[in-house]
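Structure file my_file.cif; described as mmCIF, N, CA and C atoms and all ligand atoms.
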```
data_final
loop_
_atom_site.label_atom_id
_atom_site.label_comp_id
_atom_site.auth_asym_id
_atom_site.auth_seq_id
_atom_site.Cartn_x
_atom_site.Cartn_y
_atom_site.Cartn_z
N MET A 188 31.61 89.83 23.82
CA MET A 188 31.87 89.61 25.25
C MET A 188 32.30 90.91 25.93
N GLN A 189 31.62 91.20 27.02
CA GLN A 189 31.86 92.48 27.69
C GLN A 189 32.99 92.36 28.69
N ARG A 190 33.86 93.30 28.59
CA ARG A 190 35.00 93.27 29.52
C ARG A 190 34.62 93.95 30.84
N PRO A 191 35.16 93.47 31.92
CA PRO A 191 34.86 94.14 33.20
C PRO A 191 35.41 95.57 33.22
N VAL A 192 34.75 96.38 33.99
CA VAL A 192 35.15 97.78 34.07
C VAL A 192 36.57 97.89 34.61
N GLU A 193 37.35 98.63 33.90
CA GLU A 193 38.73 98.80 34.37
C GLU A 193 38.86 100.09 35.16
N PHE A 194 39.31 99.97 36.35
CA PHE A 194 39.55 101.16 37.16
C PHE A 194 40.96 101.65 36.89
N LYS A 195 41.03 102.87 36.53
CA LYS A 195 42.36 103.40 36.24
C LYS A 195 42.99 103.99 37.49
N LEU A 196 43.11 103.13 38.47
CA LEU A 196 43.75 103.58 39.70
C LEU A 196 45.24 103.35 39.60
N LYS A 197 45.97 104.29 40.13
CA LYS A 197 47.42 104.11 40.12
C LYS A 197 47.87 103.34 41.35
N LEU A 198 47.31 102.17 41.47
CA LEU A 198 47.67 101.36 42.62
C LEU A 198 48.20 100.02 42.14
N TYR A 199 49.09 99.48 42.91
CA TYR A 199 49.62 98.16 42.59
C TYR A 199 48.92 97.14 43.47
N CYS A 200 48.29 96.20 42.82
CA CYS A 200 47.47 95.26 43.54
C CYS A 200 48.22 93.95 43.78
N CYS A 201 48.07 93.43 44.99
CA CYS A 201 48.72 92.17 45.33
C CYS A 201 48.15 91.05 44.46
N PRO A 202 49.01 90.28 43.82
CA PRO A 202 48.52 89.21 42.93
C PRO A 202 47.87 88.04 43.66
N SER A 203 47.99 88.00 44.97
CA SER A 203 47.36 86.91 45.72
C SER A 203 45.85 87.14 45.79
N VAL A 204 45.06 86.11 45.37
CA VAL A 204 43.61 86.28 45.27
C VAL A 204 42.96 86.50 46.62
N GLU A 205 43.47 85.86 47.65
CA GLU A 205 42.85 86.02 48.97
C GLU A 205 43.20 87.36 49.60
N CYS A 206 44.17 88.02 49.05
CA CYS A 206 44.69 89.21 49.70
C CYS A 206 44.25 90.49 48.99
N LEU A 207 44.71 90.66 47.76
CA LEU A 207 44.36 91.80 46.91
C LEU A 207 44.57 93.17 47.58
N LYS A 208 45.55 93.25 48.39
CA LYS A 208 45.87 94.55 48.98
C LYS A 208 46.46 95.47 47.92
N GLU A 209 46.23 96.73 48.11
CA GLU A 209 46.74 97.67 47.12
C GLU A 209 47.79 98.59 47.71
N TYR A 210 48.76 98.85 46.89
CA TYR A 210 49.85 99.71 47.34
C TYR A 210 50.13 100.80 46.34
N LYS A 211 50.55 101.93 46.84
CA LYS A 211 50.81 103.07 45.95
C LYS A 211 52.13 102.94 45.24
N SER A 212 53.00 102.11 45.76
CA SER A 212 54.26 101.95 45.05
C SER A 212 54.58 100.47 44.87
N LYS A 213 55.25 100.22 43.76
CA LYS A 213 55.65 98.86 43.41
C LYS A 213 56.55 98.29 44.50
N PHE A 214 57.38 99.17 45.04
CA PHE A 214 58.31 98.74 46.07
C PHE A 214 57.56 98.21 47.30
N ASN A 215 56.54 98.97 47.73
CA ASN A 215 55.78 98.54 48.90
C ASN A 215 55.01 97.26 48.64
N LEU A 216 54.50 97.14 47.42
CA LEU A 216 53.79 95.91 47.08
C LEU A 216 54.74 94.72 47.12
N ARG A 217 55.91 94.91 46.54
CA ARG A 217 56.87 93.82 46.52
C ARG A 217 57.27 93.43 47.93
N LYS A 218 57.45 94.44 48.77
CA LYS A 218 57.80 94.20 50.17
C LYS A 218 56.69 93.41 50.86
N HIS A 219 55.46 93.86 50.67
CA HIS A 219 54.31 93.18 51.25
C HIS A 219 54.25 91.74 50.75
N PHE A 220 54.43 91.56 49.44
CA PHE A 220 54.30 90.23 48.86
C PHE A 220 55.36 89.30 49.42
N GLN A 221 56.57 89.79 49.49
CA GLN A 221 57.64 88.94 50.01
C GLN A 221 57.44 88.62 51.48
N MET A 222 56.93 89.59 52.22
CA MET A 222 56.75 89.39 53.65
C MET A 222 55.57 88.48 53.95
N CYS A 223 54.43 88.77 53.33
CA CYS A 223 53.19 88.07 53.68
C CYS A 223 53.03 86.78 52.92
N HIS A 224 53.53 86.72 51.72
CA HIS A 224 53.24 85.55 50.91
C HIS A 224 54.46 84.66 50.69
N LEU A 225 55.61 85.21 50.82
CA LEU A 225 56.80 84.37 50.68
C LEU A 225 57.46 84.10 52.02
N GLY A 226 56.89 84.69 53.07
CA GLY A 226 57.40 84.43 54.41
C GLY A 226 58.75 85.06 54.70
N LYS A 227 59.13 86.05 53.89
CA LYS A 227 60.41 86.72 54.15
C LYS A 227 60.21 87.82 55.18
N THR A 228 61.20 88.00 55.99
CA THR A 228 61.10 89.11 56.94
C THR A 228 62.13 90.17 56.60
N PHE A 229 61.71 91.37 56.80
CA PHE A 229 62.62 92.47 56.55
C PHE A 229 62.93 93.18 57.85
N HIS A 230 64.12 93.64 57.91
CA HIS A 230 64.52 94.38 59.09
C HIS A 230 64.79 95.80 58.64
N GLU A 231 63.95 96.69 59.12
CA GLU A 231 64.01 98.06 58.63
C GLU A 231 64.85 98.94 59.54
N CYS A 232 65.71 99.72 58.91
CA CYS A 232 66.48 100.70 59.66
C CYS A 232 65.56 101.87 59.97
N ARG A 233 65.43 102.20 61.26
CA ARG A 233 64.54 103.28 61.66
C ARG A 233 65.06 104.64 61.21
N ILE A 234 66.34 104.70 60.93
CA ILE A 234 66.93 105.98 60.58
C ILE A 234 66.79 106.28 59.09
N CYS A 235 67.16 105.35 58.23
CA CYS A 235 67.12 105.64 56.80
C CYS A 235 66.09 104.82 56.03
N LYS A 236 65.37 103.94 56.75
CA LYS A 236 64.27 103.15 56.17
C LYS A 236 64.72 102.11 55.15
N LYS A 237 66.00 101.83 55.14
CA LYS A 237 66.46 100.75 54.26
C LYS A 237 66.09 99.41 54.88
N HIS A 238 66.03 98.40 54.02
CA HIS A 238 65.68 97.07 54.51
C HIS A 238 66.84 96.11 54.40
N PHE A 239 66.90 95.27 55.39
CA PHE A 239 68.01 94.32 55.42
C PHE A 239 67.49 92.91 55.64
N ALA A 240 68.22 91.98 55.09
CA ALA A 240 67.75 90.59 55.09
C ALA A 240 67.87 89.94 56.46
N SER A 241 68.75 90.42 57.29
CA SER A 241 68.87 89.80 58.60
C SER A 241 69.08 90.85 59.69
N GLN A 242 68.72 90.43 60.90
CA GLN A 242 68.87 91.29 62.07
C GLN A 242 70.33 91.69 62.26
N GLN A 243 71.21 90.74 62.01
CA GLN A 243 72.64 90.99 62.17
C GLN A 243 73.14 92.07 61.21
N ILE A 244 72.72 91.98 59.95
CA ILE A 244 73.15 92.98 58.97
C ILE A 244 72.58 94.34 59.33
N LEU A 245 71.33 94.37 59.79
CA LEU A 245 70.72 95.64 60.20
C LEU A 245 71.47 96.25 61.36
N ARG A 246 71.81 95.40 62.35
CA ARG A 246 72.51 95.92 63.53
C ARG A 246 73.82 96.58 63.13
N GLU A 247 74.54 95.89 62.25
CA GLU A 247 75.82 96.45 61.83
C GLU A 247 75.63 97.70 60.97
N HIS A 248 74.53 97.75 60.25
CA HIS A 248 74.22 98.96 59.47
C HIS A 248 73.95 100.14 60.41
N ILE A 249 73.23 99.89 61.50
CA ILE A 249 72.89 100.97 62.44
C ILE A 249 74.16 101.52 63.11
N TYR A 250 75.14 100.66 63.34
CA TYR A 250 76.40 101.13 63.89
C TYR A 250 77.02 102.18 62.98
N ARG A 251 76.76 102.04 61.68
CA ARG A 251 77.28 103.02 60.73
C ARG A 251 76.68 104.39 60.98
N HIS A 252 75.37 104.43 61.30
CA HIS A 252 74.73 105.71 61.62
C HIS A 252 75.29 106.27 62.92
N SER A 253 75.43 105.41 63.91
CA SER A 253 75.83 105.90 65.24
C SER A 253 77.34 106.05 65.36
N GLY A 254 78.07 105.46 64.42
CA GLY A 254 79.52 105.53 64.50
C GLY A 254 80.12 104.60 65.52
N ALA A 255 79.28 103.74 66.10
CA ALA A 255 79.77 102.82 67.12
C ALA A 255 80.60 101.71 66.51
N LYS A 256 81.60 101.31 67.26
CA LYS A 256 82.42 100.17 66.83
C LYS A 256 82.44 99.16 67.97
N PRO A 257 81.45 98.33 68.01
CA PRO A 257 81.26 97.49 69.20
C PRO A 257 82.13 96.23 69.23
N TYR A 258 82.79 95.92 68.16
CA TYR A 258 83.57 94.68 68.15
C TYR A 258 85.02 95.00 68.46
N LYS A 259 85.44 94.58 69.64
CA LYS A 259 86.77 94.93 70.09
C LYS A 259 87.68 93.71 70.10
N CYS A 260 88.88 93.91 69.61
CA CYS A 260 89.86 92.84 69.64
C CYS A 260 90.41 92.74 71.06
N HIS A 261 90.31 91.55 71.65
CA HIS A 261 90.80 91.37 73.02
C HIS A 261 92.31 91.53 73.11
N LEU A 262 92.97 91.29 72.00
CA LEU A 262 94.42 91.23 72.05
C LEU A 262 95.08 92.60 71.95
N CYS A 263 94.57 93.46 71.10
CA CYS A 263 95.24 94.75 70.91
C CYS A 263 94.31 95.94 71.14
N GLY A 264 93.03 95.69 71.36
CA GLY A 264 92.11 96.79 71.65
C GLY A 264 91.55 97.51 70.44
N ASN A 265 91.95 97.08 69.25
CA ASN A 265 91.38 97.68 68.04
C ASN A 265 89.87 97.45 68.00
N LYS A 266 89.16 98.46 67.52
CA LYS A 266 87.70 98.34 67.48
C LYS A 266 87.21 98.28 66.04
N TYR A 267 86.18 97.49 65.86
CA TYR A 267 85.63 97.32 64.52
C TYR A 267 84.13 97.45 64.54
N ARG A 268 83.61 97.95 63.41
CA ARG A 268 82.18 98.15 63.30
C ARG A 268 81.48 96.85 62.89
N GLN A 269 82.19 96.05 62.13
CA GLN A 269 81.57 94.82 61.66
C GLN A 269 82.30 93.61 62.20
N TYR A 270 81.48 92.62 62.54
CA TYR A 270 82.08 91.42 63.10
C TYR A 270 83.04 90.78 62.11
N SER A 271 82.70 90.84 60.83
CA SER A 271 83.57 90.21 59.82
C SER A 271 84.94 90.88 59.80
N HIS A 272 84.96 92.20 60.04
CA HIS A 272 86.24 92.91 60.08
C HIS A 272 87.08 92.44 61.25
N LEU A 273 86.40 92.29 62.40
CA LEU A 273 87.13 91.84 63.59
C LEU A 273 87.67 90.43 63.38
N SER A 274 86.85 89.56 62.83
CA SER A 274 87.33 88.19 62.70
C SER A 274 88.48 88.10 61.70
N LEU A 275 88.45 88.95 60.68
CA LEU A 275 89.59 89.02 59.75
C LEU A 275 90.85 89.46 60.48
N HIS A 276 90.66 90.49 61.30
CA HIS A 276 91.77 91.03 62.06
C HIS A 276 92.31 89.99 63.04
N ARG A 277 91.38 89.29 63.71
CA ARG A 277 91.78 88.28 64.68
C ARG A 277 92.60 87.17 64.02
N ARG A 278 92.25 86.89 62.79
CA ARG A 278 92.96 85.83 62.07
C ARG A 278 94.44 86.19 61.92
N GLN A 279 94.68 87.49 61.73
CA GLN A 279 96.08 87.93 61.62
C GLN A 279 96.83 87.69 62.92
N HIS A 280 96.15 87.97 64.05
CA HIS A 280 96.77 87.68 65.34
C HIS A 280 97.07 86.20 65.46
N ASN A 281 96.07 85.41 65.11
CA ASN A 281 96.23 83.96 65.25
C ASN A 281 97.44 83.47 64.45
N LEU A 282 97.60 84.01 63.26
CA LEU A 282 98.76 83.61 62.45
C LEU A 282 100.05 83.99 63.16
N ARG A 283 100.05 85.22 63.68
CA ARG A 283 101.24 85.68 64.39
C ARG A 283 101.51 84.81 65.62
N TYR A 284 100.42 84.49 66.33
CA TYR A 284 100.56 83.67 67.52
C TYR A 284 101.09 82.29 67.19
N LEU A 285 100.56 81.74 66.14
CA LEU A 285 101.00 80.40 65.75
C LEU A 285 102.49 80.39 65.46
N ASN A 286 102.97 81.48 64.87
CA ASN A 286 104.40 81.56 64.60
C ASN A 286 105.20 81.73 65.89
N ALA A 287 104.67 82.60 66.78
CA ALA A 287 105.41 82.93 68.00
C ALA A 287 105.37 81.81 69.02
N LEU A 288 104.31 81.05 69.01
CA LEU A 288 104.14 80.05 70.06
C LEU A 288 104.47 78.64 69.56
N GLU A 289 105.49 78.57 68.81
CA GLU A 289 105.85 77.26 68.27
C GLU A 289 106.05 76.23 69.37
N VAL A 290 106.73 76.66 70.44
CA VAL A 290 107.04 75.73 71.52
C VAL A 290 106.00 75.79 72.62
N GLU A 291 105.60 77.04 72.93
CA GLU A 291 104.66 77.22 74.03
C GLU A 291 103.28 76.64 73.69
N GLU A 292 102.57 76.36 74.72
CA GLU A 292 101.21 75.86 74.50
C GLU A 292 100.32 76.97 73.98
N LEU A 293 99.44 76.62 73.09
CA LEU A 293 98.48 77.61 72.59
C LEU A 293 97.44 77.89 73.67
N GLN A 294 97.21 79.18 73.85
CA GLN A 294 96.21 79.55 74.84
C GLN A 294 94.82 79.44 74.24
N THR A 295 93.89 79.08 75.07
CA THR A 295 92.52 79.04 74.55
C THR A 295 91.97 80.45 74.49
N GLU A 296 90.90 80.62 73.77
CA GLU A 296 90.31 81.94 73.60
C GLU A 296 89.89 82.56 74.93
N SER A 297 89.36 81.75 75.84
CA SER A 297 88.89 82.31 77.11
C SER A 297 90.06 82.79 77.97
N GLU A 298 91.16 82.09 77.88
CA GLU A 298 92.34 82.53 78.62
C GLU A 298 92.83 83.88 78.11
N LEU A 299 92.77 84.03 76.81
CA LEU A 299 93.20 85.30 76.23
C LEU A 299 92.29 86.44 76.69
N GLU A 300 91.02 86.16 76.86
CA GLU A 300 90.08 87.18 77.31
C GLU A 300 90.41 87.63 78.72
N GLU A 301 90.77 86.67 79.57
CA GLU A 301 91.07 87.02 80.95
C GLU A 301 92.30 87.91 81.05
N LEU A 302 93.22 87.73 80.14
CA LEU A 302 94.44 88.52 80.16
C LEU A 302 94.16 90.00 79.92
N ASN A 303 93.13 90.29 79.22
CA ASN A 303 92.88 91.67 78.82
C ASN A 303 92.21 92.46 79.93
ZN ZN B 1 49.04 90.23 49.54
ZN ZN B 2 70.01 103.19 58.05
ZN ZN B 3 93.95 92.90 67.54
#
```

Whole structure, structure tokens version:
Amino acid sequence: MQRPVEFKLKLYCCPSVECLKEYKSKFNLRKHFQMCHLGKTFHECRICKKHFASQQILREHIYRHSGAKPYKCHLCGNKYRQYSHLSLHRRQHNLRYLNALEVEELQTESELEELN
């Protein structure tokens, strides 16, 4: 039985039969496969070309390049680069407030914003 001619190309071929796209690197093939065949989307950083699973993670990654800290605490003015950092910080305020406002009515978040 004769074997089909093997091309010794250094290309990585997409395993999908309808597609068979070729890529020079395994990484690009995997990216293509996940994007086109598994329906995953990648969010690429234009600066360092890294890929991120969500738009939110990419946005916060780009702040790292630009040095921007867009998340500001309404209560004390501290700035944070990541939303998770701000919400952690805000939790500390809330704890403090809960202790301080034992008798007073708790202010809603929107009221606190107006104060600033
Ligand atoms: Zn493919
Ligand atoms: Zn980047
Ligand atoms: Zn604060």

Would you list the residues that come within 6 Å of ligand ZN 2 (chain B)? Count only N, CA and C atoms and all ligand atoms and give the answer as an mmCIF file with N, CA and C atoms, in the coordinates of the input.
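Contents of part-v7.cif, as written:
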```cif
data_model
loop_
_atom_site.group_PDB
_atom_site.id
_atom_site.type_symbol
_atom_site.label_atom_id
_atom_site.label_comp_id
_atom_site.auth_asym_id
_atom_site.auth_seq_id
_atom_site.Cartn_x
_atom_site.Cartn_y
_atom_site.Cartn_z
ATOM 1 N N CYS A 232 65.710 99.720 58.910
ATOM 2 C CA CYS A 232 66.480 100.700 59.660
ATOM 3 C C CYS A 232 65.560 101.870 59.970
ATOM 4 N N ARG A 233 65.430 102.200 61.260
ATOM 5 C CA ARG A 233 64.540 103.280 61.660
ATOM 6 C C ARG A 233 65.060 104.640 61.210
ATOM 7 N N ILE A 234 66.340 104.700 60.930
ATOM 8 C CA ILE A 234 66.930 105.980 60.580
ATOM 9 C C ILE A 234 66.790 106.280 59.090
ATOM 10 N N CYS A 235 67.160 105.350 58.230
ATOM 11 C CA CYS A 235 67.120 105.640 56.800
ATOM 12 C C CYS A 235 66.090 104.820 56.030
ATOM 13 N N LYS A 236 65.370 103.940 56.750
ATOM 14 C CA LYS A 236 64.270 103.150 56.170
ATOM 15 C C LYS A 236 64.720 102.110 55.150
ATOM 16 N N LYS A 237 66.000 101.830 55.140
ATOM 17 C CA LYS A 237 66.460 100.750 54.260
ATOM 18 C C LYS A 237 66.090 99.410 54.880
ATOM 19 N N HIS A 248 74.530 97.750 60.250
ATOM 20 C CA HIS A 248 74.220 98.960 59.470
ATOM 21 C C HIS A 248 73.950 100.140 60.410
ATOM 22 N N ILE A 249 73.230 99.890 61.500
ATOM 23 C CA ILE A 249 72.890 100.970 62.440
ATOM 24 C C ILE A 249 74.160 101.520 63.110
#
```

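All residues, whether protein, DNA or RNA, that have an atom at most 7 Å from ligand ZN 3 (chain B) (counting all atoms listed in the file) are Lys259, Cys260, His261, Leu262, Cys263, Gly264, Asn265, His276, Arg277 and His280 of chain A.
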
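Relative to atom N of Gln242 (chain A), CA of Phe229 (chain A) is found at 7.8 Å.
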
As a quick test: using only C-alpha atoms and all ligand atoms, which residues lie no more than 9 Å away from ligand ZN 1 (chain B)? Give them as number ranges by chain.
A: 200-209, 216, 219-224

Across A:Lys213, A:His272, A:Arg278, A:Gly226, the smallest distance to Tyr199 (chain A), with only C-alpha atoms counted, is shown by A:Lys213

As an exercise, work out the distance from CA of Lys218 (chain A) to CA of Leu245 (chain A) in Å and give it to one decimal place.
16.4 Å

All residues 9 Å or closer to Gln269 (chain A), only C-alpha atoms, same chain fewer than 4 positions away omitted, as a CSV table (one decimal) with N, CA and C atoms, in the coordinates of the input:
```csv
chain,number,residue,atom,x,y,z
A,247,GLU,N,74.5,95.9,62.2
A,247,GLU,CA,75.8,96.4,61.8
A,247,GLU,C,75.6,97.7,61.0
A,248,HIS,N,74.5,97.8,60.2
A,248,HIS,CA,74.2,99.0,59.5
A,248,HIS,C,74.0,100.1,60.4
A,250,TYR,N,75.1,100.7,63.3
A,250,TYR,CA,76.4,101.1,63.9
A,250,TYR,C,77.0,102.2,63.0
A,256,LYS,N,81.6,101.3,67.3
A,256,LYS,CA,82.4,100.2,66.8
A,256,LYS,C,82.4,99.2,68.0
A,257,PRO,N,81.4,98.3,68.0
A,257,PRO,CA,81.3,97.5,69.2
A,257,PRO,C,82.1,96.2,69.2
A,258,TYR,N,82.8,95.9,68.2
A,258,TYR,CA,83.6,94.7,68.2
A,258,TYR,C,85.0,95.0,68.5
A,273,LEU,N,86.4,92.3,62.4
A,273,LEU,CA,87.1,91.8,63.6
A,273,LEU,C,87.7,90.4,63.4
A,274,SER,N,86.8,89.6,62.8
A,274,SER,CA,87.3,88.2,62.7
A,274,SER,C,88.5,88.1,61.7
```

As JSON, numbers by chain, please: every residue in region 204-256 of chain A that DSSP puts in strand (DSSP E).
{"A": [209, 210, 230, 231, 238, 239]}

Separation of atom C of Gly254 (chain A) from atom C of Lys266 (chain A), in Å and rounded to one decimal:
9.5 Å

Any chance you could list, as a PyMOL selection string, the residues in region 196-231 of chain A that come up alpha helix (DSSP H) when DSSP is run on the backbone?
chain A and resi 213-219

I need the residues from that last selection saved to file as an mmCIF file, in the frame of the given file (with N, CA and C atoms), if you can.
```
data_model
loop_
_atom_site.group_PDB
_atom_site.id
_atom_site.type_symbol
_atom_site.label_atom_id
_atom_site.label_comp_id
_atom_site.auth_asym_id
_atom_site.auth_seq_id
_atom_site.Cartn_x
_atom_site.Cartn_y
_atom_site.Cartn_z
ATOM 1 N N LYS A 213 55.250 100.220 43.760
ATOM 2 C CA LYS A 213 55.650 98.860 43.410
ATOM 3 C C LYS A 213 56.550 98.290 44.500
ATOM 4 N N PHE A 214 57.380 99.170 45.040
ATOM 5 C CA PHE A 214 58.310 98.740 46.070
ATOM 6 C C PHE A 214 57.560 98.210 47.300
ATOM 7 N N ASN A 215 56.540 98.970 47.730
ATOM 8 C CA ASN A 215 55.780 98.540 48.900
ATOM 9 C C ASN A 215 55.010 97.260 48.640
ATOM 10 N N LEU A 216 54.500 97.140 47.420
ATOM 11 C CA LEU A 216 53.790 95.910 47.080
ATOM 12 C C LEU A 216 54.740 94.720 47.120
ATOM 13 N N ARG A 217 55.910 94.910 46.540
ATOM 14 C CA ARG A 217 56.870 93.820 46.520
ATOM 15 C C ARG A 217 57.270 93.430 47.930
ATOM 16 N N LYS A 218 57.450 94.440 48.770
ATOM 17 C CA LYS A 218 57.800 94.200 50.170
ATOM 18 C C LYS A 218 56.690 93.410 50.860
ATOM 19 N N HIS A 219 55.460 93.860 50.670
ATOM 20 C CA HIS A 219 54.310 93.180 51.250
ATOM 21 C C HIS A 219 54.250 91.740 50.750
#
```

Save region 228-247 of chain A from what I just supplied, as an mmCIF file, in the first residue's frame, atoms limited to N, CA and C atoms.
```cif
data_model
loop_
_atom_site.group_PDB
_atom_site.id
_atom_site.type_symbol
_atom_site.label_atom_id
_atom_site.label_comp_id
_atom_site.auth_asym_id
_atom_site.auth_seq_id
_atom_site.Cartn_x
_atom_site.Cartn_y
_atom_site.Cartn_z
ATOM 1 N N THR A 228 -13.106 33.968 21.954
ATOM 2 C CA THR A 228 -12.582 35.223 21.430
ATOM 3 C C THR A 228 -11.399 35.676 22.271
ATOM 4 N N PHE A 229 -10.467 36.243 21.575
ATOM 5 C CA PHE A 229 -9.300 36.746 22.273
ATOM 6 C C PHE A 229 -9.252 38.255 22.152
ATOM 7 N N HIS A 230 -8.776 38.835 23.180
ATOM 8 C CA HIS A 230 -8.639 40.281 23.168
ATOM 9 C C HIS A 230 -7.150 40.571 23.221
ATOM 10 N N GLU A 231 -6.661 41.132 22.138
ATOM 11 C CA GLU A 231 -5.223 41.311 22.017
ATOM 12 C C GLU A 231 -4.798 42.701 22.446
ATOM 13 N N CYS A 232 -3.742 42.727 23.239
ATOM 14 C CA CYS A 232 -3.156 44.007 23.610
ATOM 15 C C CYS A 232 -2.354 44.520 22.424
ATOM 16 N N ARG A 233 -2.676 45.732 21.972
ATOM 17 C CA ARG A 233 -1.985 46.291 20.809
ATOM 18 C C ARG A 233 -0.537 46.623 21.122
ATOM 19 N N ILE A 234 -0.239 46.772 22.389
ATOM 20 C CA ILE A 234 1.106 47.174 22.765
ATOM 21 C C ILE A 234 2.055 45.982 22.875
ATOM 22 N N CYS A 235 1.667 44.957 23.605
ATOM 23 C CA CYS A 235 2.584 43.837 23.799
ATOM 24 C C CYS A 235 2.120 42.533 23.152
ATOM 25 N N LYS A 236 0.949 42.572 22.488
ATOM 26 C CA LYS A 236 0.433 41.429 21.721
ATOM 27 C C LYS A 236 0.024 40.235 22.579
ATOM 28 N N LYS A 237 -0.105 40.463 23.862
ATOM 29 C CA LYS A 237 -0.604 39.383 24.707
ATOM 30 C C LYS A 237 -2.103 39.238 24.508
ATOM 31 N N HIS A 238 -2.603 38.051 24.834
ATOM 32 C CA HIS A 238 -4.034 37.805 24.670
ATOM 33 C C HIS A 238 -4.717 37.632 26.007
ATOM 34 N N PHE A 239 -5.915 38.138 26.034
ATOM 35 C CA PHE A 239 -6.667 38.072 27.282
ATOM 36 C C PHE A 239 -8.058 37.522 27.029
ATOM 37 N N ALA A 240 -8.558 36.848 28.038
ATOM 38 C CA ALA A 240 -9.823 36.128 27.872
ATOM 39 C C ALA A 240 -11.019 37.063 27.831
ATOM 40 N N SER A 241 -10.903 38.225 28.407
ATOM 41 C CA SER A 241 -12.052 39.127 28.371
ATOM 42 C C SER A 241 -11.618 40.564 28.129
ATOM 43 N N GLN A 242 -12.579 41.331 27.615
ATOM 44 C CA GLN A 242 -12.353 42.747 27.341
ATOM 45 C C GLN A 242 -11.961 43.487 28.613
ATOM 46 N N GLN A 243 -12.597 43.112 29.704
ATOM 47 C CA GLN A 243 -12.335 43.759 30.986
ATOM 48 C C GLN A 243 -10.886 43.532 31.436
ATOM 49 N N ILE A 244 -10.424 42.292 31.323
ATOM 50 C CA ILE A 244 -9.047 41.989 31.727
ATOM 51 C C ILE A 244 -8.067 42.728 30.832
ATOM 52 N N LEU A 245 -8.363 42.780 29.527
ATOM 53 C CA LEU A 245 -7.488 43.501 28.597
ATOM 54 C C LEU A 245 -7.425 44.977 28.951
ATOM 55 N N ARG A 246 -8.600 45.557 29.246
ATOM 56 C CA ARG A 246 -8.629 46.992 29.556
ATOM 57 C C ARG A 246 -7.745 47.292 30.762
ATOM 58 N N GLU A 247 -7.877 46.442 31.774
ATOM 59 C CA GLU A 247 -7.075 46.682 32.970
ATOM 60 C C GLU A 247 -5.594 46.419 32.712
#
```
